[in-house]
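Peer 1: Shown below is the structure under consideration.
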Amino acid sequence: MSDEYRAVIGMEVHVELATKAKMFCRCDASHFQVEPNTHVCPVCMGLPGALPVPNEDGIKGVVKIGTALGCKINRVSKFDRKHYFYPDLPKGYQISQYDQPLCYSGEVVLSSGKRVRIERVHLEEDTGKLVHREVDGKKVSLVDYNRSGVPLVEIVTKPDLESAQEAKEYLKLIHATVRYLGVSDADMEKGSMRLEANISVSKDGSLPPYKVEVKNVNSFRYIAAAIEYEIKRQIKLLEQGETPKQETRGWSLEGRKTVSQRSKEEAKDYRYFPEPDIPPLNLSDEQVKDWSSEIGSTPMQMRDKLVKLGVRPDYVETVIYDKKTAVDILSLVEVAIKEGLEVNKVVGRVVNKGETGFDRGEVIRDVKEEEERSFADEGTVEEWIKQAIRENEAAVADYRKGKETAVKFLMGQVMRLSKGEANPADLEDKIKAKLDE
Amino acid sequence: MKQKKLSEKELAHLFELGKLELAEGEADEYATQLGEILDYVGQLSNLELDGIEETNQVTGLVNVFDEDKIREGLDHGEVMSQVPVKKDGYVMVRAVLGGGDE
Amino acid sequence: MSRTIVETRKELVDGTKSVTEVVSESLKIIKDKEKLNAFITLAEDEALVRATWLEKNGDRSLPLFGVPVALKDMYLTKGIRTTAGAKLLEEYVPPYSASVVEKLEEAGAVIVGKTNQDAWAHGASGENSDFGPSLNPSNEEYVPGGSSSGSAVAVAAGMVPLAMGTDTGGSIRQPANFVGVVGFKPSYGRVSRYGVIAMASSLDSMGHFTNSVEDAALVLGVTAGADERDATTRAARNYEFEGFSKKGLEGVRVGIAKEYVEAIADEEIKENFEKVKSKLERLGAILVDVALPHTKEAIAVYYILQPAEVSSNLARFDGVRYGKGRDSFGKEAKRRIVVGSYTLSSGYYDAYYRQALKVRTLVRQDFERAFERVDALVTPVSPTTAFKLGEKTSDPLAMYMADVLTVPVNLAGLPAIAIPSGKTKGGLPMGVQVIGRYMDEERMLPISYELESELI
């Protein structure tokens, strides 16, 4: 990307909470591969006379997510009605949160140390599902309200992200955090985690006067590709002196590009007002503490712990996205330290094998064995080195000429001569020292 | 009496927000009546109300929420019996392009 | 047929009449007086089947055993058409019943039908009904008031001793006043709203029409209490009714608000109210002048908040899952939806809606201050008596202004009851309103009972 342009990216992620019952009624919240319109009641169908009653675990779920993302928790909070017409929205309004979200002002720290600010985390209800079909030659939409009313958490960042890579890492951390907490399975294919990126490009550091929303992309890989494509597309337009249109775009798999879906010409007037059917929330410190105490470690905390214990950053990035793996690796590292073993050797062994599980005892044993294996004493090693130098004049000459790889060749020769009894750990240094004498 | 009338554009926008149809020749009547009503209730905007709390709720209740427990809902047949147009257990509508929440 | 629940029950328990006889009598009177157009749907077959069942299996000690009851058509009744007085729901048969309906039936009541009303409860005369207006039994050229017009008529005309209504800005008290029966509005959140078509969610109260205060209290004993399906009733106590005993109003402080008295337009109502004041004094009550300075602003507050909530609550009626499409809405509904959208729209929210929420606080505080000095307020119910059909239909704003004496009570969520207090020379009923502290029907109903006994 050309130096004068800077991408300005904000992410909006929706996470479906895996509660047993829906958010404002007690219908079964499961809706994946369930017969249509069988987990419904007057409330989630928007029948006349129905009234909402909040689900405690929905509120708890949001507070846990917000706390895990370093947010402040709004003790005083409420629900608001957000109005718009759409067939999957039975009441003609969605119960959501407007100006008093449950959580605000958090942050996610990326592996580079970059801080991504979380603007807010709030609670709302999901809509029904639309299926598009053709019936009797006419295009129709079929609506299933099983999903209507399932608790949904919305996580919004400030536009702090600056690249597709950063966005991808951010999303992976959110995904992992939510799964660590056990509040959602965050499955993008099933739709229990949904991604939205707001992308614009700043020419001179000022906030761009537009933003393009990219939606309906359900994998990290594709959203990263979409963001990259978008940034390029927008830069091209800006270079031509045009301002990119404020709109919503989707990702076309075949075309490998973003395509316009809908013009965001006017801001929608949602006519928010406080939900009169639900008394406000005034959570006690005790209540919030109680709920927050169930969190345990977050992926970011695991990263910090592992790094502090000396694990290589690239190893850390491989293990923290799955809670069980992270926890197992942490305990492995702790044992390794206790046993005086080199941490990265131990972790490296697991990571490089690429298997999902490992036997801690076995790994420790293997590494111990390797380290304790009797190596030849200093004097014997020196003799082997001298011999290798004597027998490989060409390699020595190469080294004098400046070829560093010659040392590796000589190392191999020493190993051969020693039949593996030379400790490879410091062999390279020893050979160099001899050559430089 | 001061009479404020809503403009045609405003009226059309409001009808759209409420997903209502404005019938031919009715615009004037609505614009006038609505103007009167809004004029009347608008008198409140003249009051000095800094520091006065808003009353959203007279019950004084807070923290009403229930245990995450499943309770039986409506029978599929009962729900669908009132649906005007349906297919295969779904509620059916004319195709909607785009739309929804942005 | 007996006019009160108490008398009706006595006959049934004594065995003087069977449930089937009582219910049949009720149905006959309803049909004889069809001209009054009090009912939209008659549940004749269901009622008779239930009567037979009750006769054989019913527990005679139940508080509403065998009592015929009519329900305003805002109350959902499973399997019985429910229209809200609107063409849009002309064919709607709900798959569930309101919590209150279930409570009434558990108490032994027999539902005989669904009563007429202004469509969507939008109105104060009954003339906004999509099924034609109801007529005032006192004089059929006059409106019975609204929006619970049919329920008021059903009780006034002796069709049933109990009819349920809803009161959002006076829709029980005003028609009760116009037809000459008792109309009770409970504290907001005392009776469950679940299963009743919502008009304005923060203002709707589920009340009822009876021929006596004692009956009204008896019914509250059945309907009051927390319902897990209505979050706003979480703190609602049950109402334990054990009957009233007459002991006068010695030492009871009754507030008279000058803003309310000043709002009376009819001379006869003015005189009548003075008479009511002297009767209160005769009972031993101490009349105290109180000020409710924000009475006038209350109408503006109401006509911002209520249409806003109406526009929201009517958003679900899109013809997709039930009912007809939105082009079936009448003019009054459209007016309110549009006003509501306006005051909630960004750019106007602060000037209108937010301001109204603040003034609502002031209205509430007016009452709180008054109740520091008095036990109850007694006020007129309406600036005028019933008016003729067609007299006010061309001026919506004028119709709204007539709510001035009832609306403040809804803004504060207080309990209130309209009691008949006489008739004009022309034979039109007049009444008074007793207002109590929030959630304190226990104090306000006995006071009303005493006053009623003096007015009969």
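Numbering starts fresh at 1 for the residues of each chain in the structure tokens, the chains themselves are lettered A, B, ... in the order given, and ligands are numbered from 1 as they appear.
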Can you tell me, as an mmCIF file with N, CA and C atoms, in the first residue's frame, what residues are no more than 7 Å from Val196 in chain C when counting only C-alpha atoms, ignoring any on the same chain fewer than 4 positions away?
Peer 2:
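In the end it all went to part_0.cif:
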```
data_model
loop_
_atom_site.group_PDB
_atom_site.id
_atom_site.type_symbol
_atom_site.label_atom_id
_atom_site.label_comp_id
_atom_site.auth_asym_id
_atom_site.auth_seq_id
_atom_site.Cartn_x
_atom_site.Cartn_y
_atom_site.Cartn_z
ATOM 1 N N GLY A 49 -50.426 -8.798 22.041
ATOM 2 C CA GLY A 49 -50.558 -9.059 23.471
ATOM 3 C C GLY A 49 -49.349 -9.684 24.138
ATOM 4 N N MET C 74 -59.921 -6.250 23.254
ATOM 5 C CA MET C 74 -58.459 -6.166 23.298
ATOM 6 C C MET C 74 -57.890 -7.395 24.007
ATOM 7 N N TYR C 75 -58.741 -8.082 24.761
ATOM 8 C CA TYR C 75 -58.305 -9.239 25.528
ATOM 9 C C TYR C 75 -58.298 -10.462 24.623
ATOM 10 N N LEU C 76 -57.145 -11.093 24.441
ATOM 11 C CA LEU C 76 -57.081 -12.287 23.588
ATOM 12 C C LEU C 76 -57.791 -13.449 24.262
ATOM 13 N N ALA C 98 -55.351 -14.283 27.257
ATOM 14 C CA ALA C 98 -54.685 -13.364 28.178
ATOM 15 C C ALA C 98 -54.624 -13.978 29.572
#
```
Peer 1: Neighbours of Gln43 in chain B within 12 Å (only C-alpha atoms; same-chain residues fewer than 6 positions away dropped), as a short mmCIF file (atom, residue, chain, number, x, y, z; two decimals) with N, CA and C atoms, in the first residue's frame?
Peer 2:
```cif
data_model
loop_
_atom_site.label_atom_id
_atom_site.label_comp_id
_atom_site.auth_asym_id
_atom_site.auth_seq_id
_atom_site.Cartn_x
_atom_site.Cartn_y
_atom_site.Cartn_z
N LYS B 2 -52.37 29.83 15.59
CA LYS B 2 -51.21 29.51 14.75
C LYS B 2 -51.38 28.10 14.21
N GLU B 36 -51.83 20.50 13.57
CA GLU B 36 -52.49 21.01 14.78
C GLU B 36 -52.06 20.24 16.02
N ILE B 37 -52.06 18.93 15.87
CA ILE B 37 -51.69 18.10 17.02
C ILE B 37 -50.26 18.37 17.45
N LYS C 296 -52.62 20.78 33.11
CA LYS C 296 -52.82 21.20 31.72
C LYS C 296 -51.78 20.58 30.79
N GLU C 297 -50.52 20.57 31.21
CA GLU C 297 -49.46 20.01 30.35
C GLU C 297 -49.63 18.51 30.17
N ALA C 298 -50.36 17.87 31.09
CA ALA C 298 -50.47 16.42 31.04
C ALA C 298 -51.03 15.92 29.72
N ILE C 299 -51.96 16.65 29.14
CA ILE C 299 -52.54 16.23 27.86
C ILE C 299 -51.46 16.22 26.78
N ALA C 300 -50.63 17.24 26.76
CA ALA C 300 -49.57 17.28 25.75
C ALA C 300 -48.60 16.12 25.97
N VAL C 301 -48.28 15.87 27.24
CA VAL C 301 -47.38 14.75 27.55
C VAL C 301 -47.99 13.45 27.03
N TYR C 303 -50.26 12.96 24.73
CA TYR C 303 -50.37 12.84 23.27
C TYR C 303 -49.03 12.89 22.55
N ILE C 304 -47.95 12.89 23.34
CA ILE C 304 -46.64 12.60 22.75
C ILE C 304 -46.28 11.16 23.07
N ALA C 351 -36.79 17.18 21.52
CA ALA C 351 -37.75 18.27 21.69
C ALA C 351 -39.12 17.76 22.12
N TYR C 352 -39.50 16.60 21.66
CA TYR C 352 -40.82 16.08 21.97
C TYR C 352 -40.78 14.97 23.00
N GLN C 355 -38.69 15.56 26.25
CA GLN C 355 -39.36 16.59 27.04
C GLN C 355 -40.57 15.99 27.75
N ALA C 356 -41.36 15.22 27.02
CA ALA C 356 -42.56 14.62 27.60
C ALA C 356 -42.22 13.72 28.78
N VAL C 359 -41.66 16.00 31.73
CA VAL C 359 -42.88 16.57 32.28
C VAL C 359 -43.70 15.49 32.96
#
```
Peer 1: Show me, as a ChimeraX atom specification, every residue of chain B with an atom at most 6 Å from chain C, counting only C-alpha atoms.
Peer 2: /B:14,41,45,52-55,78,82-83
Peer 1: Which residues are close to Leu22 in chain B, i.e. within 12 Å by only C-alpha atoms, leaving aside same-chain residues fewer than 2 positions away? Reply as a PDB file with C-alpha atoms, in the first residue's frame.
Peer 2:
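Dumped everything to part_27.pdb:
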```pdb
ATOM      1  CA  GLU B   8     -45.841  17.009   1.581  1.00  0.00           C
ATOM      2  CA  LYS B   9     -42.327  15.607   1.773  1.00  0.00           C
ATOM      3  CA  LEU B  11     -45.785  13.633   5.442  1.00  0.00           C
ATOM      4  CA  ALA B  12     -44.680  11.161   2.794  1.00  0.00           C
ATOM      5  CA  HIS B  13     -41.569  10.316   4.827  1.00  0.00           C
ATOM      6  CA  LEU B  14     -43.580   9.758   7.993  1.00  0.00           C
ATOM      7  CA  PHE B  15     -46.054   7.539   6.195  1.00  0.00           C
ATOM      8  CA  GLU B  16     -43.144   5.527   4.859  1.00  0.00           C
ATOM      9  CA  LEU B  17     -41.627   5.184   8.324  1.00  0.00           C
ATOM     10  CA  GLY B  18     -44.933   3.761   9.518  1.00  0.00           C
ATOM     11  CA  LYS B  19     -45.308   1.623   6.399  1.00  0.00           C
ATOM     12  CA  LEU B  20     -48.646   3.272   5.709  1.00  0.00           C
ATOM     13  CA  GLU B  24     -55.044  10.117  -3.069  1.00  0.00           C
ATOM     14  CA  GLY B  25     -56.403  13.416  -1.857  1.00  0.00           C
ATOM     15  CA  GLU B  26     -55.881  12.641   1.824  1.00  0.00           C
ATOM     16  CA  ALA B  27     -52.545  14.371   2.180  1.00  0.00           C
ATOM     17  CA  ASP B  28     -54.011  17.765   2.907  1.00  0.00           C
ATOM     18  CA  GLU B  29     -56.355  16.573   5.651  1.00  0.00           C
ATOM     19  CA  TYR B  30     -53.613  14.633   7.397  1.00  0.00           C
ATOM     20  CA  ALA B  31     -51.088  17.427   7.043  1.00  0.00           C
TER      21      ALA B  31
ATOM     22  CA  ARG C 326     -51.553  -2.254   7.064  1.00  0.00           C
ATOM     23  CA  ASP C 327     -53.867  -0.652   4.531  1.00  0.00           C
ATOM     24  CA  PHE C 329     -55.779   0.782   9.439  1.00  0.00           C
ATOM     25  CA  GLY C 330     -58.365   3.536   9.852  1.00  0.00           C
ATOM     26  CA  LYS C 331     -57.645   7.256   9.899  1.00  0.00           C
ATOM     27  CA  LYS C 334     -52.838   6.283  10.977  1.00  0.00           C
ATOM     28  CA  ARG C 335     -52.869   9.690  12.665  1.00  0.00           C
ATOM     29  CA  VAL C 338     -47.635   9.183  12.159  1.00  0.00           C
TER      30      VAL C 338
END
```
Peer 1: Identify every residue of chain A that has at least one atom within 6 Å of any atom of chain C, counting only C-alpha atoms, and report the result as a PyMOL selection string.
Peer 2: chain A and resi 48-50+53+90-92+271+276
Peer 1: List as an NGL selection string the protein and nucleic acid residues near range 62-64 of chain B, meaning an atom at most 9 Å away when only C-alpha atoms are counted, but skip any in the same chain fewer than 2 places from it.
Peer 2: (:A and (53-54 or 56 or 278-283)) or (:B and (59-60 or 66)) or (:C and (231-232 or 234))
Peer 1: Tell me the residues of chain B close to chain A, meaning within 10 Å using only C-alpha atoms, as a PyMOL selection string.
Peer 2: chain B and resi 17-19+56-77+79-80+85-102
Peer 1: Write a file of the selected residues as a short mmCIF file (atom, residue, chain, number, x, y, z; two decimals), in the first residue's frame, keeping C-alpha atoms.
Peer 2:
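Dumped to out38.cif:
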```cif
data_model
loop_
_atom_site.label_atom_id
_atom_site.label_comp_id
_atom_site.auth_asym_id
_atom_site.auth_seq_id
_atom_site.Cartn_x
_atom_site.Cartn_y
_atom_site.Cartn_z
CA LEU B 17 -41.63 5.18 8.32
CA GLY B 18 -44.93 3.76 9.52
CA LYS B 19 -45.31 1.62 6.40
CA ASN B 56 -39.82 5.84 31.58
CA GLN B 57 -41.35 3.54 34.14
CA VAL B 58 -43.72 4.20 37.02
CA THR B 59 -43.24 0.84 38.71
CA GLY B 60 -39.80 1.65 40.08
CA LEU B 61 -38.81 -1.93 39.31
CA VAL B 62 -35.26 -2.89 38.35
CA ASN B 63 -33.46 -6.10 37.48
CA VAL B 64 -36.39 -8.21 36.36
CA PHE B 65 -35.04 -11.30 34.64
CA ASP B 66 -35.72 -15.00 34.86
CA GLU B 67 -33.80 -18.24 35.01
CA ASP B 68 -32.59 -19.71 31.71
CA LYS B 69 -35.16 -22.48 31.56
CA ILE B 70 -37.15 -23.78 28.59
CA ARG B 71 -40.93 -23.54 28.76
CA GLU B 72 -43.21 -25.02 26.15
CA GLY B 73 -44.30 -22.58 23.46
CA LEU B 74 -47.10 -22.73 20.96
CA ASP B 75 -48.04 -25.72 18.93
CA HIS B 76 -46.85 -25.37 15.32
CA GLY B 77 -50.34 -25.97 13.98
CA VAL B 79 -49.30 -20.74 15.21
CA MET B 80 -49.63 -21.45 11.51
CA VAL B 85 -49.77 -17.33 3.29
CA LYS B 86 -47.58 -20.27 4.18
CA LYS B 87 -45.59 -23.10 2.64
CA ASP B 88 -44.00 -26.24 4.07
CA GLY B 89 -44.25 -24.98 7.62
CA TYR B 90 -42.78 -21.58 6.73
CA VAL B 91 -44.46 -18.19 6.65
CA MET B 92 -44.35 -17.00 3.07
CA VAL B 93 -43.93 -13.47 1.75
CA ARG B 94 -43.08 -11.89 -1.58
CA ALA B 95 -39.32 -11.94 -2.12
CA VAL B 96 -37.48 -9.26 -0.22
CA LEU B 97 -34.35 -7.96 -1.85
CA GLY B 98 -31.76 -6.61 0.51
CA GLY B 99 -33.31 -4.67 3.35
CA GLY B 100 -33.20 -5.97 6.88
CA ASP B 101 -30.98 -4.31 9.40
CA GLU B 102 -27.92 -2.59 8.03
#
```
